[in-house]
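Asks: One file: protein19.csv (CSV, C-alpha atoms).
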chain,number,residue,atom,x,y,z
A,1,ALA,CA,-4.1,10.9,-23.8
A,2,VAL,CA,-7.3,12.2,-25.3
A,3,THR,CA,-8.8,11.1,-28.6
A,4,GLU,CA,-11.8,12.4,-30.5
A,5,ALA,CA,-14.5,9.9,-31.1
A,6,VAL,CA,-17.8,9.7,-33.0
A,7,LEU,CA,-20.4,7.3,-31.5
A,8,SER,CA,-22.8,6.0,-34.1
A,9,GLY,CA,-26.3,5.2,-33.1
A,10,GLY,CA,-29.6,7.0,-33.7
A,11,SER,CA,-27.6,10.1,-34.5
A,12,ALA,CA,-23.8,10.6,-34.6
A,13,THR,CA,-22.6,11.9,-31.3
A,14,ARG,CA,-19.2,13.5,-30.8
A,15,ALA,CA,-17.2,12.6,-27.7
A,16,HIS,CA,-13.7,12.5,-26.3
A,17,LEU,CA,-12.1,9.3,-25.2
A,18,ALA,CA,-9.6,10.0,-22.4
A,19,ARG,CA,-7.0,7.7,-20.9
A,20,VAL,CA,-6.7,9.1,-17.4
A,21,GLY,CA,-4.9,6.3,-15.4
A,22,THR,CA,-7.4,6.2,-12.5
A,23,THR,CA,-8.6,2.8,-13.5
A,24,GLY,CA,-5.3,1.1,-14.3
A,25,GLU,CA,-5.9,-1.2,-17.3
A,26,TYR,CA,-9.7,-1.2,-16.8
A,27,GLY,CA,-10.8,1.4,-19.3
A,28,TYR,CA,-11.2,5.0,-20.4
A,29,LEU,CA,-13.2,8.0,-19.5
A,30,LEU,CA,-15.7,9.1,-22.2
A,31,LEU,CA,-16.7,12.8,-22.2
A,32,SER,CA,-19.6,13.9,-24.4
A,33,ASP,CA,-22.1,16.8,-24.6
A,34,ALA,CA,-24.8,14.1,-25.1
A,35,PRO,CA,-24.0,11.7,-22.2
A,36,GLY,CA,-27.2,9.7,-22.5
A,37,ALA,CA,-26.6,8.9,-26.2
A,38,ALA,CA,-23.0,8.2,-25.5
A,39,TYR,CA,-23.8,5.8,-22.7
A,40,ASP,CA,-26.3,3.9,-24.8
A,41,ALA,CA,-23.9,3.6,-27.8
A,42,VAL,CA,-21.0,2.4,-25.6
A,43,LEU,CA,-23.3,0.0,-23.7
A,44,ALA,CA,-24.6,-1.5,-26.9
A,45,ALA,CA,-21.0,-2.0,-28.2
A,46,VAL,CA,-19.9,-3.6,-24.9
A,47,ARG,CA,-22.9,-6.0,-24.9
A,48,GLU,CA,-22.0,-7.1,-28.5
A,49,GLU,CA,-18.7,-8.2,-27.0
A,50,GLY,CA,-20.3,-10.1,-24.2
A,51,GLY,CA,-19.7,-7.3,-21.6
A,52,ALA,CA,-22.1,-5.7,-19.1
A,53,PRO,CA,-22.3,-2.5,-17.1
A,54,VAL,CA,-20.6,-2.2,-13.7
A,55,GLY,CA,-21.6,0.1,-10.9
A,56,PRO,CA,-19.7,2.6,-8.7
A,57,GLU,CA,-18.6,-0.1,-6.2
A,58,ALA,CA,-16.9,-2.1,-9.0
A,59,LEU,CA,-15.1,1.0,-10.2
A,60,ALA,CA,-14.1,1.9,-6.6
A,61,ARG,CA,-12.7,-1.6,-6.2
A,62,VAL,CA,-10.6,-1.6,-9.4
A,63,GLN,CA,-9.3,1.9,-8.6
A,64,THR,CA,-8.1,0.6,-5.3
A,65,GLU,CA,-6.6,-2.5,-6.8
A,66,ALA,CA,-4.8,-0.4,-9.4
A,67,GLY,CA,-3.3,1.8,-6.6
A,68,MET,CA,-5.7,4.8,-7.2
A,69,GLY,CA,-7.9,4.3,-4.2
A,70,VAL,CA,-8.0,8.0,-3.3
A,71,TYR,CA,-10.3,8.6,-6.2
A,72,SER,CA,-13.1,6.8,-4.4
A,73,ALA,CA,-12.0,7.2,-0.8
A,74,GLY,CA,-11.1,10.9,-1.1
A,75,PHE,CA,-8.1,12.5,0.4
A,76,ALA,CA,-9.8,13.0,3.8
A,77,GLY,CA,-7.5,15.9,4.6
A,78,LEU,CA,-4.3,14.0,3.8
A,79,SER,CA,-1.3,15.8,2.4
A,80,VAL,CA,0.3,14.8,-0.9
A,81,GLU,CA,2.8,12.7,1.0
A,82,GLU,CA,0.4,11.1,3.4
A,83,ALA,CA,-1.8,10.1,0.4
A,84,ASP,CA,1.4,8.4,-1.0
A,85,LEU,CA,1.3,10.5,-4.1
A,86,ALA,CA,4.6,12.3,-3.6
A,87,TRP,CA,6.0,10.3,-6.5
A,88,MET,CA,3.9,12.4,-8.8
A,89,VAL,CA,5.8,15.6,-7.9
A,90,ASP,CA,9.3,16.4,-9.3
A,91,TRP,CA,11.0,17.4,-6.0
A,92,GLU,CA,14.2,18.3,-7.9
A,93,ARG,CA,12.5,21.2,-9.8
A,94,GLU,CA,14.0,24.6,-8.9
A,95,ASP,CA,11.4,26.7,-10.7
A,96,PRO,CA,8.1,27.2,-8.9
A,97,PHE,CA,4.9,25.6,-10.2
A,98,HIS,CA,1.2,26.0,-9.3
A,99,GLY,CA,0.8,24.8,-5.7
A,100,SER,CA,4.6,24.3,-5.1
A,101,ALA,CA,4.5,26.8,-2.1
A,102,ALA,CA,2.1,24.6,-0.3
A,103,LEU,CA,4.1,21.4,-0.7
A,104,THR,CA,6.6,20.0,1.9
A,105,PRO,CA,9.3,17.6,0.6
A,106,PRO,CA,8.8,14.0,1.6
A,107,ALA,CA,10.2,12.8,5.0
A,108,PRO,CA,10.8,9.1,5.5
A,109,GLU,CA,9.1,9.1,8.9
A,110,THR,CA,5.7,10.5,7.7
A,111,ALA,CA,2.7,8.2,8.0
A,112,ARG,CA,1.4,7.3,4.6
A,113,LEU,CA,-1.5,5.6,2.9
A,114,THR,CA,-1.0,1.8,2.7
A,115,ALA,CA,-3.1,-1.1,1.5
A,116,LEU,CA,-4.0,-3.9,3.8
A,117,ALA,CA,-5.7,-7.2,3.1
A,118,CYS,CA,-7.9,-8.8,5.7
A,119,PRO,CA,-10.1,-12.0,5.7
A,120,ALA,CA,-13.2,-12.0,3.4
A,121,GLY,CA,-16.3,-10.9,5.1
A,122,SER,CA,-14.5,-8.5,7.5
A,123,ARG,CA,-16.2,-5.2,8.1
A,124,ILE,CA,-13.8,-2.6,9.4
A,125,ALA,CA,-15.0,1.0,9.9
A,126,ALA,CA,-13.1,4.1,8.9
A,127,GLY,CA,-11.2,5.5,12.0
A,128,THR,CA,-10.5,2.0,13.4
A,129,PRO,CA,-6.9,1.8,14.9
A,130,VAL,CA,-4.5,-0.5,13.2
A,131,THR,CA,-2.2,-2.3,15.7
A,132,ALA,CA,1.1,-4.3,15.7
A,133,GLY,CA,1.6,-6.4,18.8
A,134,GLY,CA,-1.0,-4.3,20.7
A,135,GLU,CA,0.7,-1.0,19.7
A,136,GLU,CA,-1.3,1.5,17.6
A,137,VAL,CA,0.6,2.1,14.3
A,138,GLY,CA,-2.1,3.7,12.1
A,139,THR,CA,-5.7,4.3,11.3
A,140,VAL,CA,-8.1,2.8,8.7
A,141,LEU,CA,-9.2,5.4,6.2
A,142,TRP,CA,-11.5,3.3,4.0
A,143,GLN,CA,-12.6,-0.2,3.1
A,144,ALA,CA,-12.8,-0.9,-0.6
A,145,PRO,CA,-16.0,-2.7,-1.9
A,146,SER,CA,-15.5,-6.5,-1.8
A,147,ALA,CA,-14.8,-8.4,-5.0
A,148,ASN,CA,-12.1,-10.9,-4.3
A,149,PRO,CA,-13.6,-13.9,-2.6
A,150,ASP,CA,-10.5,-14.4,-0.5
A,151,GLU,CA,-9.9,-11.0,0.9
A,152,GLU,CA,-11.1,-7.5,1.7
A,153,LEU,CA,-9.0,-4.5,0.9
A,154,LEU,CA,-8.4,-1.6,3.3
A,155,LEU,CA,-6.6,1.7,2.9
A,156,ALA,CA,-5.0,2.8,6.2
A,157,VAL,CA,-2.6,5.6,7.1
A,158,LEU,CA,0.4,3.8,8.7
A,159,ARG,CA,3.6,5.1,10.2
A,160,SER,CA,7.0,3.9,9.3
A,161,PRO,CA,8.3,1.1,9.4
A,162,PHE,CA,4.8,-0.5,9.3
A,163,ARG,CA,4.2,0.3,5.7
A,164,ALA,CA,6.5,-2.5,4.5
A,165,PRO,CA,4.7,-5.3,2.6
A,166,HIS,CA,3.6,-8.6,4.2
A,167,LEU,CA,3.6,-7.3,7.8
A,168,PRO,CA,1.0,-9.0,10.1
A,169,LEU,CA,-1.1,-6.3,11.7
A,170,SER,CA,-4.5,-6.2,13.3
A,171,ALA,CA,-7.7,-4.1,13.3
A,172,ALA,CA,-11.0,-4.6,15.1
A,173,ALA,CA,-14.1,-5.4,13.0
A,174,GLU,CA,-17.3,-3.6,13.5
A,175,ASP,CA,-18.5,-6.4,15.8
A,176,GLY,CA,-15.4,-5.9,18.0
A,177,THR,CA,-13.6,-9.0,16.9
A,178,PRO,CA,-9.9,-8.6,16.1
A,179,ARG,CA,-9.1,-9.3,12.4
A,180,ARG,CA,-5.7,-10.0,10.8
A,181,ALA,CA,-4.7,-7.3,8.4
A,182,THR,CA,-1.6,-7.8,6.3
A,183,THR,CA,0.1,-5.0,4.4
A,184,VAL,CA,0.1,-5.6,0.7
A,185,THR,CA,1.5,-3.9,-2.4
A,186,LEU,CA,-0.6,-2.3,-5.1
A,187,PRO,CA,-1.6,-2.9,-7.8
A,188,ARG,CA,-3.3,-6.2,-6.8
A,189,VAL,CA,-4.0,-7.0,-10.4
A,190,LEU,CA,-1.7,-7.9,-13.3
A,191,ALA,CA,-1.9,-5.2,-16.0
A,192,SER,CA,-3.0,-6.6,-19.4
A,193,SER,CA,-0.5,-4.3,-21.1
A,194,LEU,CA,2.4,-6.1,-19.6
A,195,SER,CA,1.8,-9.0,-22.0
A,196,THR,CA,-0.7,-7.7,-24.6
A,197,ARG,CA,-0.7,-4.5,-26.7
A,198,ILE,CA,-4.0,-2.8,-26.0
A,199,ALA,CA,-3.7,0.5,-27.7
Please express what this file holds, its structure, as structure tokens.

Replies:
Amino acid sequence: AVTEAVLSGGSATRAHLARVGTTGEYGYLLLSDAPGAAYDAVLAAVREEGGAPVGPEALARVQTEAGMGVYSAGFAGLSVEEADLAWMVDWEREDPFHGSAALTPPAPETARLTALACPAGSRIAAGTPVTAGGEEVGTVLWQAPSANPDEELLLAVLRSPFRAPHLPLSAAAEDGTPRRATTVTLPRVLASSLSTRIA
């Protein structure tokens, strides 16, 4: 959804407020031809409500928690299915659409992007193998910036059936020590709109 907005400050600035879904329940995208003035106006309004600015790491974290981690991690050459985004495509459509010729319908055995939680303080590099009982079952794609004091979030491409939630897996930290990595479901946050009308 896109709504026109006028930001009052030193001079009225026109902008568009867009609900894009990449931040779950965390906010909106503001588009303006005067980005500096728009930023100052929004920041002033946020501070009046007791808020504060956040940086790119915080946004990357909430995108991952909301199940949109590919926006920060990038697709890294993954197909639509491997990125676990096949749900966005209507595979029952008979008419062609832009890009349809390049898509392959989902197959249950395809390795897919899966979220893992590991102990707080773990540093696990992209490309690290993920194992189950010593057998390699996938590869770490990206580690989300840390925010939760109890865990770190990883995105890994795991083969079936190791994408199921709550499976105990393992991945080596950057110092070589093995770390427990448990598959988890996303989103990892409770959406405010489940209990409160926000729009």

Asks: Atom CA of A:Glu57 and atom CA of A:Val42 are how many Å apart?

Replies: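 We find that atom CA of A:Glu57 and atom CA of A:Val42 lie 19.7 Å from each other.
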
Asks: Could you list, as a ChimeraX atom specification, every residue within 10 Å of A:Glu92, counting all atoms listed in the file and ignoring same-chain residues fewer than 3 positions away?

Replies: /A:89,95,105

Asks: For a quick check of understanding, using only C-alpha atoms, which of A:Ala126, A:Val157, A:Ala38, A:Ala83 has the smallest distance to A:Ala5?

Replies: A:Ala38

Asks: Rounded to one decimal, what separation in Å do you get between atom CA of A:Ala60 and atom CA of A:Leu30?

Replies: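 These two atoms are separated by 17.3 Å.
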
Asks: For A:Glu81, which residue among A:Arg179, A:Arg14, A:Arg93, A:Arg112 is the nearest when counting all atoms listed in the file?

Replies: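 Looking only at the distances to A:Glu81, the closest residue turns out to be A:Arg112.
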
Asks: Do a neighbour search on A:Ala86 at 10 Å with only C-alpha atoms, toss out local chain neighbours closer than 4 positions, and write the hits as a ChimeraX atom specification.

Replies: /A:79-82,90-91,103-106

Asks: Would you fill the gaps in stretch 49-64 of chain A so it has N, CA, C and O atoms, then print it as an mmCIF file, keeping the file's coordinate frame?

Replies:
data_model
loop_
_atom_site.group_PDB
_atom_site.id
_atom_site.type_symbol
_atom_site.label_atom_id
_atom_site.label_comp_id
_atom_site.auth_asym_id
_atom_site.auth_seq_id
_atom_site.Cartn_x
_atom_site.Cartn_y
_atom_site.Cartn_z
ATOM 1 N N GLU A 49 -19.884 -7.499 -27.365
ATOM 2 C CA GLU A 49 -18.700 -8.200 -27.000
ATOM 3 C C GLU A 49 -18.833 -9.137 -25.822
ATOM 4 O O GLU A 49 -17.864 -9.690 -25.308
ATOM 5 N N GLY A 50 -20.069 -9.237 -25.314
ATOM 6 C CA GLY A 50 -20.300 -10.100 -24.200
ATOM 7 C C GLY A 50 -20.105 -9.395 -22.821
ATOM 8 O O GLY A 50 -20.076 -10.048 -21.772
ATOM 9 N N GLY A 51 -19.965 -8.074 -22.841
ATOM 10 C CA GLY A 51 -19.700 -7.300 -21.600
ATOM 11 C C GLY A 51 -21.035 -6.880 -20.963
ATOM 12 O O GLY A 51 -22.127 -7.127 -21.479
ATOM 13 N N ALA A 52 -20.911 -6.212 -19.836
ATOM 14 C CA ALA A 52 -22.100 -5.700 -19.100
ATOM 15 C C ALA A 52 -21.649 -4.488 -18.300
ATOM 16 O O ALA A 52 -20.462 -4.290 -18.026
ATOM 17 N N PRO A 53 -22.611 -3.645 -17.927
ATOM 18 C CA PRO A 53 -22.300 -2.500 -17.100
ATOM 19 C C PRO A 53 -21.833 -2.825 -15.723
ATOM 20 O O PRO A 53 -22.215 -3.884 -15.210
ATOM 21 N N VAL A 54 -21.025 -1.980 -15.120
ATOM 22 C CA VAL A 54 -20.600 -2.200 -13.700
ATOM 23 C C VAL A 54 -21.059 -0.893 -12.962
ATOM 24 O O VAL A 54 -21.233 0.159 -13.560
ATOM 25 N N GLY A 55 -21.213 -1.012 -11.664
ATOM 26 C CA GLY A 55 -21.600 0.100 -10.900
ATOM 27 C C GLY A 55 -20.474 0.821 -10.190
ATOM 28 O O GLY A 55 -19.303 0.442 -10.364
ATOM 29 N N PRO A 56 -20.776 1.847 -9.399
ATOM 30 C CA PRO A 56 -19.700 2.600 -8.700
ATOM 31 C C PRO A 56 -18.861 1.776 -7.783
ATOM 32 O O PRO A 56 -17.674 2.033 -7.641
ATOM 33 N N GLU A 57 -19.439 0.743 -7.153
ATOM 34 C CA GLU A 57 -18.600 -0.100 -6.200
ATOM 35 C C GLU A 57 -17.562 -0.851 -6.995
ATOM 36 O O GLU A 57 -16.440 -0.984 -6.525
ATOM 37 N N ALA A 58 -17.906 -1.367 -8.188
ATOM 38 C CA ALA A 58 -16.900 -2.100 -9.000
ATOM 39 C C ALA A 58 -15.791 -1.169 -9.414
ATOM 40 O O ALA A 58 -14.611 -1.532 -9.378
ATOM 41 N N LEU A 59 -16.143 0.053 -9.809
ATOM 42 C CA LEU A 59 -15.100 1.000 -10.200
ATOM 43 C C LEU A 59 -14.245 1.376 -9.009
ATOM 44 O O LEU A 59 -13.016 1.447 -9.129
ATOM 45 N N ALA A 60 -14.848 1.566 -7.847
ATOM 46 C CA ALA A 60 -14.100 1.900 -6.600
ATOM 47 C C ALA A 60 -13.112 0.739 -6.323
ATOM 48 O O ALA A 60 -11.965 0.960 -5.920
ATOM 49 N N ARG A 61 -13.552 -0.498 -6.509
ATOM 50 C CA ARG A 61 -12.700 -1.600 -6.200
ATOM 51 C C ARG A 61 -11.493 -1.675 -7.168
ATOM 52 O O ARG A 61 -10.354 -1.836 -6.730
ATOM 53 N N VAL A 62 -11.738 -1.510 -8.479
ATOM 54 C CA VAL A 62 -10.600 -1.600 -9.400
ATOM 55 C C VAL A 62 -9.672 -0.409 -9.251
ATOM 56 O O VAL A 62 -8.462 -0.546 -9.452
ATOM 57 N N GLN A 63 -10.213 0.749 -8.872
ATOM 58 C CA GLN A 63 -9.300 1.900 -8.600
ATOM 59 C C GLN A 63 -8.407 1.585 -7.450
ATOM 60 O O GLN A 63 -7.217 1.908 -7.480
ATOM 61 N N THR A 64 -8.943 0.946 -6.417
ATOM 62 C CA THR A 64 -8.100 0.600 -5.300
ATOM 63 C C THR A 64 -7.083 -0.467 -5.669
ATOM 64 O O THR A 64 -5.909 -0.361 -5.339
#
